[in-house]
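Listing of run07.pdb, PDB, C-alpha atoms (C1' of nucleotides)
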ATOM      1  CA  MET A 118     118.562  57.112  78.785
ATOM      2  CA  PRO A 119     120.193  53.793  79.590
ATOM      3  CA  MET A 120     120.818  51.324  76.829
ATOM      4  CA  PHE A 121     118.950  48.594  78.692
ATOM      5  CA  ASN A 122     116.252  48.649  81.268
ATOM      6  CA  LEU A 123     116.353  46.733  84.509
ATOM      7  CA  ASP A 124     113.528  46.553  86.993
ATOM      8  CA  ALA A 125     114.636  46.367  90.602
ATOM      9  CA  ARG A 126     111.103  45.379  91.646
ATOM     10  CA  ASP A 127     111.160  42.359  89.349
ATOM     11  CA  PRO A 128     112.221  39.420  91.496
ATOM     12  CA  THR A 129     114.249  38.083  88.570
ATOM     13  CA  PRO A 130     117.936  38.550  89.454
ATOM     14  CA  LEU A 131     119.553  41.606  87.904
ATOM     15  CA  TYR A 132     122.216  39.581  86.144
ATOM     16  CA  ALA A 133     119.512  37.442  84.525
ATOM     17  CA  GLN A 134     117.516  40.471  83.441
ATOM     18  CA  LEU A 135     120.601  42.032  81.917
ATOM     19  CA  GLU A 136     121.769  38.912  80.130
ATOM     20  CA  ARG A 137     118.298  38.457  78.677
ATOM     21  CA  ALA A 138     118.127  42.096  77.631
ATOM     22  CA  ILE A 139     121.453  41.946  75.806
ATOM     23  CA  ARG A 140     120.625  38.672  74.067
ATOM     24  CA  THR A 141     117.290  40.118  73.002
ATOM     25  CA  ALA A 142     118.922  43.284  71.721
ATOM     26  CA  ILE A 143     121.227  41.174  69.587
ATOM     27  CA  ALA A 144     118.441  38.857  68.459
ATOM     28  CA  THR A 145     116.264  41.748  67.362
ATOM     29  CA  GLY A 146     119.093  43.578  65.651
ATOM     30  CA  LYS A 147     119.280  46.479  68.080
ATOM     31  CA  LEU A 148     122.873  45.393  68.581
ATOM     32  CA  GLN A 149     124.396  44.285  65.331
ATOM     33  CA  PRO A 150     127.450  42.076  64.839
ATOM     34  CA  GLY A 151     130.575  44.055  65.557
ATOM     35  CA  ALA A 152     128.777  46.591  67.702
ATOM     36  CA  ARG A 153     130.537  47.546  70.878
ATOM     37  CA  LEU A 154     128.903  47.088  74.237
ATOM     38  CA  PRO A 155     129.386  49.720  76.935
ATOM     39  CA  THR A 156     132.297  49.127  79.276
ATOM     40  CA  VAL A 157     131.660  47.112  82.380
ATOM     41  CA  ARG A 158     132.053  50.148  84.585
ATOM     42  CA  GLN A 159     130.037  52.481  82.407
ATOM     43  CA  LEU A 160     127.085  50.122  82.113
ATOM     44  CA  ALA A 161     127.200  49.566  85.858
ATOM     45  CA  VAL A 162     126.861  53.304  86.391
ATOM     46  CA  ASP A 163     124.066  53.633  83.823
ATOM     47  CA  LEU A 164     122.023  50.808  85.280
ATOM     48  CA  HIS A 165     122.812  51.627  88.906
ATOM     49  CA  VAL A 166     124.188  48.179  89.577
ATOM     50  CA  ASN A 167     127.539  46.921  90.748
ATOM     51  CA  ALA A 168     130.305  46.494  88.201
ATOM     52  CA  ASN A 169     130.676  42.885  89.316
ATOM     53  CA  THR A 170     127.129  42.171  88.208
ATOM     54  CA  VAL A 171     127.825  43.491  84.719
ATOM     55  CA  ALA A 172     131.141  41.676  84.574
ATOM     56  CA  LYS A 173     129.403  38.443  85.484
ATOM     57  CA  VAL A 174     126.997  38.888  82.571
ATOM     58  CA  TYR A 175     129.748  39.770  80.089
ATOM     59  CA  ALA A 176     131.687  36.702  81.176
ATOM     60  CA  ALA A 177     128.626  34.510  80.657
ATOM     61  CA  LEU A 178     128.046  35.953  77.184
ATOM     62  CA  GLU A 179     131.697  35.377  76.377
ATOM     63  CA  ARG A 180     131.515  31.758  77.512
ATOM     64  CA  THR A 181     128.511  31.138  75.275
ATOM     65  CA  GLU A 182     130.250  32.904  72.379
ATOM     66  CA  VAL A 183     127.659  35.613  72.023
ATOM     67  CA  VAL A 184     130.205  38.380  72.398
ATOM     68  CA  ASP A 185     133.905  38.699  71.859
ATOM     69  CA  THR A 186     135.853  40.364  74.652
ATOM     70  CA  GLN A 187     139.296  41.908  74.417
ATOM     71  CA  ARG A 188     141.045  43.086  77.507
ATOM     72  CA  GLY A 189     141.816  46.758  77.465
ATOM     73  CA  VAL A 190     139.718  47.193  74.333
ATOM     74  CA  GLY A 191     136.094  46.307  74.925
ATOM     75  CA  THR A 192     133.453  43.691  74.264
ATOM     76  CA  PHE A 193     131.819  43.321  70.872
ATOM     77  CA  VAL A 194     128.872  41.459  69.429
ATOM     78  CA  ARG A 195     130.008  38.403  67.518
ATOM     79  CA  ALA A 196     128.922  37.589  64.012
ATOM     80  CA  ALA A 197     125.755  35.526  64.082
ATOM     81  CA  PRO A 198     126.913  31.932  63.621
ATOM     82  CA  PRO A 199     125.619  30.602  60.290
ATOM     83  CA  SER A 200     123.187  28.380  62.131
ATOM     84  CA  ALA A 201     124.955  25.114  62.810
ATOM     85  CA  VAL A 202     121.755  23.398  61.764
ATOM     86  CA  VAL A 203     121.067  22.809  58.108
ATOM     87  CA  ASN A 204     117.927  24.049  56.432
ATOM     88  CA  GLU A 205     116.013  20.787  56.619
ATOM     89  CA  ASN A 206     116.677  20.410  60.311
ATOM     90  CA  ARG A 207     116.156  24.100  60.938
ATOM     91  CA  GLU A 208     112.424  23.801  60.424
ATOM     92  CA  ARG A 209     112.160  20.894  62.794
ATOM     93  CA  GLU A 210     114.315  22.689  65.327
ATOM     94  CA  LEU A 211     112.108  25.751  65.223
ATOM     95  CA  GLU A 212     109.027  23.594  65.440
ATOM     96  CA  ARG A 213     110.389  21.918  68.518
ATOM     97  CA  VAL A 214     111.212  25.084  70.425
ATOM     98  CA  ILE A 215     107.927  26.710  69.482
ATOM     99  CA  SER A 216     106.034  23.638  70.572
ATOM    100  CA  ARG A 217     107.557  24.120  73.970
ATOM    101  CA  PHE A 218     106.604  27.765  73.936
ATOM    102  CA  ILE A 219     102.951  27.555  72.886
ATOM    103  CA  PRO A 220     101.616  25.676  75.907
ATOM    104  CA  GLU A 221     103.372  28.182  78.111
ATOM    105  CA  VAL A 222     101.695  31.229  76.669
ATOM    106  CA  SER A 223      98.357  29.517  76.312
ATOM    107  CA  ALA A 224      98.553  28.504  79.950
ATOM    108  CA  LEU A 225      98.803  32.207  80.661
ATOM    109  CA  GLY A 226      95.653  32.768  78.670
ATOM    110  CA  PHE A 227      97.086  34.110  75.439
ATOM    111  CA  SER A 228      96.159  33.075  71.938
ATOM    112  CA  LEU A 229      98.467  32.512  68.994
ATOM    113  CA  PHE A 230      97.077  35.710  67.552
ATOM    114  CA  ASP A 231      98.110  37.658  70.652
ATOM    115  CA  VAL A 232     101.648  36.404  70.307
ATOM    116  CA  ILE A 233     101.861  37.081  66.587
ATOM    117  CA  THR A 234     100.601  40.613  67.074
ATOM    118  CA  HIS A 235     103.124  41.258  69.776
ATOM    119  CA  LEU A 236     106.015  39.869  67.758
ATOM    120  CA  GLN A 237     105.045  41.874  64.699
ATOM    121  CA  ARG A 238     105.104  45.024  66.770
ATOM    122  CA  ARG A 239     108.596  44.161  67.937
ATOM    123  CA  ASN A 240     109.686  43.403  64.405
ATOM    124  CA  LYS A 241     108.371  46.750  63.221
ATOM    125  CA  GLN A 242     110.220  48.627  65.939
ATOM    126  CA  GLU A 243     113.373  46.825  64.971
ATOM    127  CA  LYS A 244     113.129  47.931  61.336
ATOM    128  CA  GLU A 245     112.411  51.503  62.347
ATOM    129  CA  SER A 246     115.456  51.659  64.557
ATOM    130  CA  HIS A 247     117.533  50.433  61.626
ATOM    131  CA  ALA A 248     116.187  53.068  59.292
ATOM    132  CA  ASN A 249     116.795  55.777  61.882
ATOM    133  CA  PRO A 250     119.839  54.690  63.850
ATOM    134  CA  GLY A 251     120.747  57.958  65.562
ATOM    135  CA  ARG A 252     117.338  58.357  67.173
ATOM    136  CA  LYS A 253     116.949  60.113  70.539
TER     137      LYS A 253
ATOM    138  CA  MET B 192      99.227  17.178  85.435
ATOM    139  CA  PRO B 193      99.951  20.008  87.853
ATOM    140  CA  MET B 194      97.627  22.949  88.091
ATOM    141  CA  PHE B 195     100.491  25.405  87.522
ATOM    142  CA  ASN B 196     103.813  25.161  85.810
ATOM    143  CA  LEU B 197     107.096  26.236  87.320
ATOM    144  CA  ASP B 198     110.411  26.255  85.529
ATOM    145  CA  ALA B 199     113.374  25.420  87.718
ATOM    146  CA  ARG B 200     115.760  26.652  85.004
ATOM    147  CA  ASP B 201     114.181  30.077  84.997
ATOM    148  CA  PRO B 202     116.279  32.250  87.312
ATOM    149  CA  THR B 203     113.066  33.896  88.515
ATOM    150  CA  PRO B 204     112.480  32.686  92.089
ATOM    151  CA  LEU B 205     109.970  29.873  92.441
ATOM    152  CA  TYR B 206     107.781  31.815  94.833
ATOM    153  CA  ALA B 207     107.580  34.666  92.297
ATOM    154  CA  GLN B 208     106.750  32.283  89.448
ATOM    155  CA  LEU B 209     104.004  30.693  91.490
ATOM    156  CA  GLU B 210     102.485  33.967  92.665
ATOM    157  CA  ARG B 211     102.487  35.205  89.087
ATOM    158  CA  ALA B 212     100.906  31.981  87.863
ATOM    159  CA  ILE B 213      98.115  32.106  90.404
ATOM    160  CA  ARG B 214      97.368  35.767  89.771
ATOM    161  CA  THR B 215      97.288  35.093  86.050
ATOM    162  CA  ALA B 216      94.985  32.111  86.494
ATOM    163  CA  ILE B 217      92.596  34.327  88.413
ATOM    164  CA  ALA B 218      92.920  37.190  85.957
ATOM    165  CA  THR B 219      92.161  34.959  83.001
ATOM    166  CA  GLY B 220      89.258  33.236  84.671
ATOM    167  CA  LYS B 221      90.890  29.847  85.017
ATOM    168  CA  LEU B 222      90.351  30.317  88.721
ATOM    169  CA  GLN B 223      87.046  31.987  89.340
ATOM    170  CA  PRO B 224      85.958  33.848  92.464
ATOM    171  CA  GLY B 225      85.121  31.389  95.190
ATOM    172  CA  ALA B 226      87.238  28.646  93.669
ATOM    173  CA  ARG B 227      89.371  26.721  96.076
ATOM    174  CA  LEU B 228      93.127  26.556  95.694
ATOM    175  CA  PRO B 229      94.978  23.316  96.425
ATOM    176  CA  THR B 230      96.211  22.904  99.977
ATOM    177  CA  VAL B 231      99.650  24.170 100.808
ATOM    178  CA  ARG B 232     101.011  20.679 101.219
ATOM    179  CA  GLN B 233      99.312  19.237  98.144
ATOM    180  CA  LEU B 234     100.495  21.993  95.834
ATOM    181  CA  ALA B 235     103.993  21.632  97.229
ATOM    182  CA  VAL B 236     103.961  17.968  96.260
ATOM    183  CA  ASP B 237     102.503  18.640  92.807
ATOM    184  CA  LEU B 238     105.050  21.317  91.956
ATOM    185  CA  HIS B 239     107.976  19.583  93.640
ATOM    186  CA  VAL B 240     108.707  22.538  95.863
ATOM    187  CA  ASN B 241     108.842  22.988  99.595
ATOM    188  CA  ALA B 242     105.616  23.587 101.477
ATOM    189  CA  ASN B 243     107.130  26.726 102.966
ATOM    190  CA  THR B 244     107.473  28.191  99.488
ATOM    191  CA  VAL B 245     103.786  27.637  98.760
ATOM    192  CA  ALA B 246     102.785  28.941 102.184
ATOM    193  CA  LYS B 247     104.804  32.063 101.555
ATOM    194  CA  VAL B 248     102.927  32.688  98.320
ATOM    195  CA  TYR B 249      99.523  32.054  99.892
ATOM    196  CA  ALA B 250     100.378  34.459 102.687
ATOM    197  CA  ALA B 251     101.399  37.119 100.161
ATOM    198  CA  LEU B 252      98.178  36.651  98.217
ATOM    199  CA  GLU B 253      96.235  36.920 101.453
ATOM    200  CA  ARG B 254      98.018  40.145 102.407
ATOM    201  CA  THR B 255      97.147  41.683  99.042
ATOM    202  CA  GLU B 256      93.573  40.489  99.345
ATOM    203  CA  VAL B 257      93.678  38.279  96.270
ATOM    204  CA  VAL B 258      92.581  35.213  98.181
ATOM    205  CA  ASP B 259      90.729  34.532 101.373
ATOM    206  CA  THR B 260      92.250  31.959 103.699
ATOM    207  CA  GLN B 261      90.529  30.069 106.463
ATOM    208  CA  ARG B 262      92.519  27.931 108.829
ATOM    209  CA  GLY B 263      91.577  24.325 108.700
ATOM    210  CA  VAL B 264      89.339  24.944 105.711
ATOM    211  CA  GLY B 265      91.337  26.151 102.739
ATOM    212  CA  THR B 266      92.157  29.214 100.638
ATOM    213  CA  PHE B 267      89.677  30.635  98.156
ATOM    214  CA  VAL B 268      89.754  33.146  95.334
ATOM    215  CA  ARG B 269      88.289  36.526  96.240
ATOM    216  CA  ALA B 270      86.074  38.641  93.987
ATOM    217  CA  ALA B 271      87.824  39.522  90.711
ATOM    218  CA  PRO B 272      89.662  42.855  90.430
ATOM    219  CA  PRO B 273      88.562  45.437  87.835
ATOM    220  CA  SER B 274      89.297  44.267  84.301
ATOM    221  CA  ALA B 275      91.289  47.379  83.320
ATOM    222  CA  VAL B 276      93.979  46.301  85.727
ATOM    223  CA  VAL B 277      93.756  42.784  84.419
ATOM    224  CA  ASN B 278      94.431  43.882  80.861
ATOM    225  CA  GLU B 279      97.428  45.947  81.856
ATOM    226  CA  ASN B 280      98.943  43.081  83.729
ATOM    227  CA  ARG B 281      98.189  40.745  80.854
ATOM    228  CA  GLU B 282     100.178  42.888  78.425
ATOM    229  CA  ARG B 283     103.102  42.949  80.790
ATOM    230  CA  GLU B 284     102.797  39.243  81.307
ATOM    231  CA  LEU B 285     102.933  38.567  77.579
ATOM    232  CA  GLU B 286     105.864  40.911  77.206
ATOM    233  CA  ARG B 287     107.695  39.063  79.934
ATOM    234  CA  VAL B 288     107.189  35.602  78.567
ATOM    235  CA  ILE B 289     108.123  36.693  75.052
ATOM    236  CA  SER B 290     111.247  38.388  76.342
ATOM    237  CA  ARG B 291     112.228  35.094  77.804
ATOM    238  CA  PHE B 292     111.476  33.334  74.535
ATOM    239  CA  ILE B 293     113.319  35.539  72.050
ATOM    240  CA  PRO B 294     116.859  34.960  73.313
ATOM    241  CA  GLU B 295     116.112  31.267  73.329
ATOM    242  CA  VAL B 296     115.156  31.014  69.681
ATOM    243  CA  SER B 297     117.869  33.404  68.586
ATOM    244  CA  ALA B 298     120.411  31.226  70.347
ATOM    245  CA  LEU B 299     119.316  28.552  67.904
ATOM    246  CA  GLY B 300     119.898  30.881  64.989
ATOM    247  CA  PHE B 301     116.355  31.977  64.231
ATOM    248  CA  SER B 302     115.144  35.471  63.520
ATOM    249  CA  LEU B 303     111.957  37.154  64.665
ATOM    250  CA  PHE B 304     110.720  36.809  61.104
ATOM    251  CA  ASP B 305     111.247  33.045  61.191
ATOM    252  CA  VAL B 306     109.175  32.785  64.322
ATOM    253  CA  ILE B 307     106.379  34.997  63.049
ATOM    254  CA  THR B 308     106.143  33.020  59.835
ATOM    255  CA  HIS B 309     105.982  29.771  61.706
ATOM    256  CA  LEU B 310     103.339  31.005  64.113
ATOM    257  CA  GLN B 311     101.192  32.346  61.293
ATOM    258  CA  ARG B 312     101.242  28.950  59.648
ATOM    259  CA  ARG B 313     100.190  27.353  62.898
ATOM    260  CA  ASN B 314      97.450  29.885  63.367
ATOM    261  CA  LYS B 315      96.100  29.098  59.917
ATOM    262  CA  GLN B 316      96.104  25.371  60.628
ATOM    263  CA  GLU B 317      94.356  25.967  63.911
ATOM    264  CA  LYS B 318      91.533  27.864  62.218
ATOM    265  CA  GLU B 319      91.133  25.155  59.615
ATOM    266  CA  SER B 320      90.853  22.482  62.255
ATOM    267  CA  HIS B 321      88.142  24.518  63.917
ATOM    268  CA  ALA B 322      86.212  24.745  60.680
ATOM    269  CA  ASN B 323      86.623  20.996  60.232
ATOM    270  CA  PRO B 324      86.759  19.571  63.739
ATOM    271  CA  GLY B 325      86.600  15.857  63.037
ATOM    272  CA  ARG B 326      89.596  15.946  60.716
ATOM    273  CA  LYS B 327      92.589  13.583  61.047
TER     274      LYS B 327
ATOM    275  C1'  DT C 213     158.107  54.317  77.945
ATOM    276  C1'  DG C 214     154.213  56.004  80.647
ATOM    277  C1'  DG C 215     149.517  56.518  81.445
ATOM    278  C1'  DA C 216     144.830  55.618  80.723
ATOM    279  C1'  DT C 217     141.275  52.289  79.747
ATOM    280  C1'  DT C 218     139.319  47.722  79.746
ATOM    281  C1'  DG C 219     138.226  43.117  81.247
ATOM    282  C1'  DT C 220     139.231  39.854  84.982
ATOM    283  C1'  DA C 221     139.963  37.906  89.656
ATOM    284  C1'  DC C 222     139.786  37.934  94.174
ATOM    285  C1'  DT C 223     137.865  38.729  99.347
ATOM    286  C1'  DA C 224     134.370  40.124 102.500
ATOM    287  C1'  DA C 225     129.830  41.348 104.147
ATOM    288  C1'  DT C 226     124.858  41.335 103.753
ATOM    289  C1'  DG C 227     120.449  39.947 102.206
ATOM    290  C1'  DT C 228     117.420  36.661  99.695
ATOM    291  C1'  DT C 229     115.830  31.996  98.229
ATOM    292  C1'  DA C 230     114.885  27.287  99.019
ATOM    293  C1'  DT C 231     114.875  23.320 101.705
ATOM    294  C1'  DA C 232     113.943  20.361 105.897
ATOM    295  C1'  DG C 233     111.850  19.605 110.015
ATOM    296  C1'  DT C 234     108.906  20.483 113.939
ATOM    297  C1'  DA C 235     105.173  22.413 116.302
ATOM    298  C1'  DC C 236     100.961  25.019 116.941
ATOM    299  C1'  DA C 237      96.090  26.849 115.956
ATOM    300  C1'  DA C 238      91.551  26.864 113.917
ATOM    301  C1'  DG C 239      87.798  24.693 111.721
ATOM    302  C1'  DA C 240      84.961  20.327 110.186
ATOM    303  C1'  DG C 241      83.068  16.017 111.039
ATOM    304  C1'  DT C 242      82.460  11.907 113.720
TER     305       DT C 242
ATOM    306  C1'  DA D 140      85.840  14.884 123.159
ATOM    307  C1'  DC D 141      88.498  13.138 119.521
ATOM    308  C1'  DT D 142      90.618  13.135 115.060
ATOM    309  C1'  DC D 143      91.728  14.841 110.685
ATOM    310  C1'  DT D 144      92.789  18.574 107.674
ATOM    311  C1'  DT D 145      94.154  23.139 106.965
ATOM    312  C1'  DG D 146      96.962  27.331 107.383
ATOM    313  C1'  DT D 147     100.618  29.405 110.213
ATOM    314  C1'  DA D 148     105.032  30.028 112.772
ATOM    315  C1'  DC D 149     109.408  28.968 114.008
ATOM    316  C1'  DT D 150     114.497  27.223 113.749
ATOM    317  C1'  DA D 151     118.330  25.889 111.082
ATOM    318  C1'  DT D 152     121.075  25.245 106.974
ATOM    319  C1'  DA D 153     122.846  25.734 102.367
ATOM    320  C1'  DA D 154     123.135  28.090  98.175
ATOM    321  C1'  DC D 155     122.756  32.193  95.517
ATOM    322  C1'  DA D 156     122.606  37.405  94.640
ATOM    323  C1'  DT D 157     124.282  41.947  95.396
ATOM    324  C1'  DT D 158     127.328  45.247  96.838
ATOM    325  C1'  DA D 159     131.972  47.210  98.057
ATOM    326  C1'  DG D 160     136.621  47.371  97.581
ATOM    327  C1'  DT D 161     141.132  46.160  95.850
ATOM    328  C1'  DA D 162     144.325  44.457  92.680
ATOM    329  C1'  DC D 163     146.051  42.678  88.366
ATOM    330  C1'  DA D 164     146.585  41.937  83.172
ATOM    331  C1'  DA D 165     146.146  43.240  78.469
ATOM    332  C1'  DT D 166     145.688  46.754  75.128
ATOM    333  C1'  DC D 167     145.807  51.295  73.089
ATOM    334  C1'  DC D 168     147.633  55.860  72.520
ATOM    335  C1'  DA D 169     150.523  59.917  73.085
TER     336       DA D 169
END
Is it possible to express this structure as structure tokens?
Amino acid sequence: MPMFNLDARDPTPLYAQLERAIRTAIATGKLQPGARLPTVRQLAVDLHVNANTVAKVYAALERTEVVDTQRGVGTFVRAAPPSAVVNENRERELERVISRFIPEVSALGFSLFDVITHLQRRNKQEKESHANPGRK
Amino acid sequence: MPMFNLDARDPTPLYAQLERAIRTAIATGKLQPGARLPTVRQLAVDLHVNANTVAKVYAALERTEVVDTQRGVGTFVRAAPPSAVVNENRERELERVISRFIPEVSALGFSLFDVITHLQRRNKQEKESHANPGRK
DNA sequence: TGGATTGTACTAATGTTATAGTACAAGAGT
DNA sequence: ACTCTTGTACTATAACATTAGTACAATCCA
């Protein structure tokens, strides 16, 4: 079972799907700080994509300081930066990004409740995977 | 204000975004059976894309029998598909848009819990404003 | 030191996406 | 018949995405 899931029928480019998947895995705690990502070649085999595609994603994540790569060693999830924004501005920052998000989902016909329900399900799955890390 | 919303920064191809948007609009009832879509050229202007891109989407929707096109007249929404299919696609649609959203907020240093909390507060305010519509 | 592993850097070839521009065909209305 | 609007079809071009293959550099380990 591959660590991530790409959909070849999705018109979204593979590299974009993969980058998103890794960032999401980190954001939701599936990949914790310090965790090691698969090697470029191994992940390419698992996902049935070219090694160059994986390498491109790893390089992008390195540039944006999401992972830390060491030649000959591997690539690892960085420590979550202690939010450059201070607490007062944090709320406003979150408000701003969510305000951009709401019209998008509502344009697709979803309610706030739909979104909350979906996110809570994700959050629950995240906790379960923490409590039972070696799950098959 | 354009009828649909495309995001040039989203790596998903424009034609795919537009096809998805139209199908969703139909699925959610924003575009009802018999409703007329904008002309190829007009929609191209509204969305700031090439007319060929819109034409490509219309042709794809015609091939899959989602719309009915008549030369020199316009393109119109066909009868709605069964709702079971609609609901399945809706879930996937929500999943997709949220998957795009999560890496974005986490890049700003927010957790899923932060987002859920914020959305719940919004949801509460929304209900209150419904109960008291004339409120400032 | 030698060998294996890992990330990185190229080139080349092929297919897809998006744009621009032009032209044609079918229907509506005058 | 004429004109306008609409969808459709085509060429050409540029940029991007994907794959394949090769080579190199840094690190670890025996």
Identify all chain A residues at most 8 Å from chain C by counting only C-alpha atoms (C1' of nucleotides); ligands do not count. Present them as a compact mmCIF listing (two decimals) with C-alpha atoms, keeping the file's coordinate frame.
# COMPACT_ATOMS: atom_id res chain seq x y z
CA THR A 156 132.30 49.13 79.28
CA VAL A 157 131.66 47.11 82.38
CA ALA A 172 131.14 41.68 84.57
CA THR A 186 135.85 40.36 74.65
CA GLN A 187 139.30 41.91 74.42
CA ARG A 188 141.04 43.09 77.51
CA GLY A 189 141.82 46.76 77.46
CA VAL A 190 139.72 47.19 74.33
CA GLY A 191 136.09 46.31 74.92
Once chain A is optimally superposed onto chain B by least squares, the C-alpha atoms paired in order differ by an RMSD of 7.1 Å
For chain A, the closest of B:Glu253, B:Asp201, B:Glu279, B:Glu319 counting all atoms listed in the file is B:Asp201
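Selection by the PyMOL selection byres ((chain D) within 7 of (chain A)) on the present file picks out D:DT158, D:DA165, D:DT166.
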Could you save those same residues with C-alpha atoms (C1' of nucleotides) as a PDB file, in the frame of the given file?
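Ended up saving to result_13.pdb:
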ATOM      1  C1'  DT D 158     127.328  45.247  96.838  1.00  0.00           C
ATOM      2  C1'  DA D 165     146.146  43.240  78.469  1.00  0.00           C
ATOM      3  C1'  DT D 166     145.688  46.754  75.128  1.00  0.00           C
TER       4       DT D 166
END
Between B:Gly225, B:Pro272, B:Pro193, B:Pro294, smallest distance to chain A by only C-alpha atoms belongs to B:Pro294
With all atoms listed in the file considered, list every residue of chain B at most 8 Å from chain A, as an MDAnalysis selection string. chainID B and resid 202:204 207 212 215:216 219 285:286 288 290:294 296:297 299:304 306:307 309:311 314
For the file shown, report as a short mmCIF file (atom, residue, chain, number, x, y, z; two decimals) with C-alpha atoms, keeping the file's coordinate frame the outcome of the PyMOL selection byres ((chain B and resi 238) around 9) at residue level.
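As written to disk, selection.cif reads:
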data_model
loop_
_atom_site.label_atom_id
_atom_site.label_comp_id
_atom_site.auth_asym_id
_atom_site.auth_seq_id
_atom_site.Cartn_x
_atom_site.Cartn_y
_atom_site.Cartn_z
CA PRO B 193 99.95 20.01 87.85
CA MET B 194 97.63 22.95 88.09
CA PHE B 195 100.49 25.40 87.52
CA ASN B 196 103.81 25.16 85.81
CA LEU B 197 107.10 26.24 87.32
CA GLN B 233 99.31 19.24 98.14
CA LEU B 234 100.50 21.99 95.83
CA ALA B 235 103.99 21.63 97.23
CA VAL B 236 103.96 17.97 96.26
CA ASP B 237 102.50 18.64 92.81
CA HIS B 239 107.98 19.58 93.64
CA VAL B 240 108.71 22.54 95.86
CA ASN B 241 108.84 22.99 99.60
#
Point-to-point distance from atom CA of Ala250 of chain B to atom C1' of DT147 of chain D, Å rounded to tenths: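 Atom-to-atom, atom CA of Ala250 of chain B and atom C1' of DT147 of chain D are spaced 9.1 Å apart.
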Exercise. Figure out the distance between atom CA of Arg213 of chain A and atom CA of Pro150 of chain A, please, to one decimal in Å.
Key: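 Straight-line distance from atom CA of Pro150 of chain A to atom CA of Arg213 of chain A works out to 26.7 Å.
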Pairwise distance for atom CA of Thr266 of chain B and atom CA of Leu209 of chain B, rounded to one decimal in Å |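 Atom-to-atom, atom CA of Thr266 of chain B and atom CA of Leu209 of chain B are spaced 15.0 Å apart.
Using only C-alpha atoms, the nearest neighbour of Val268 of chain B within the list B:Arg283, B:Arg312, B:Lys221, B:Lys247 is B:Lys221.
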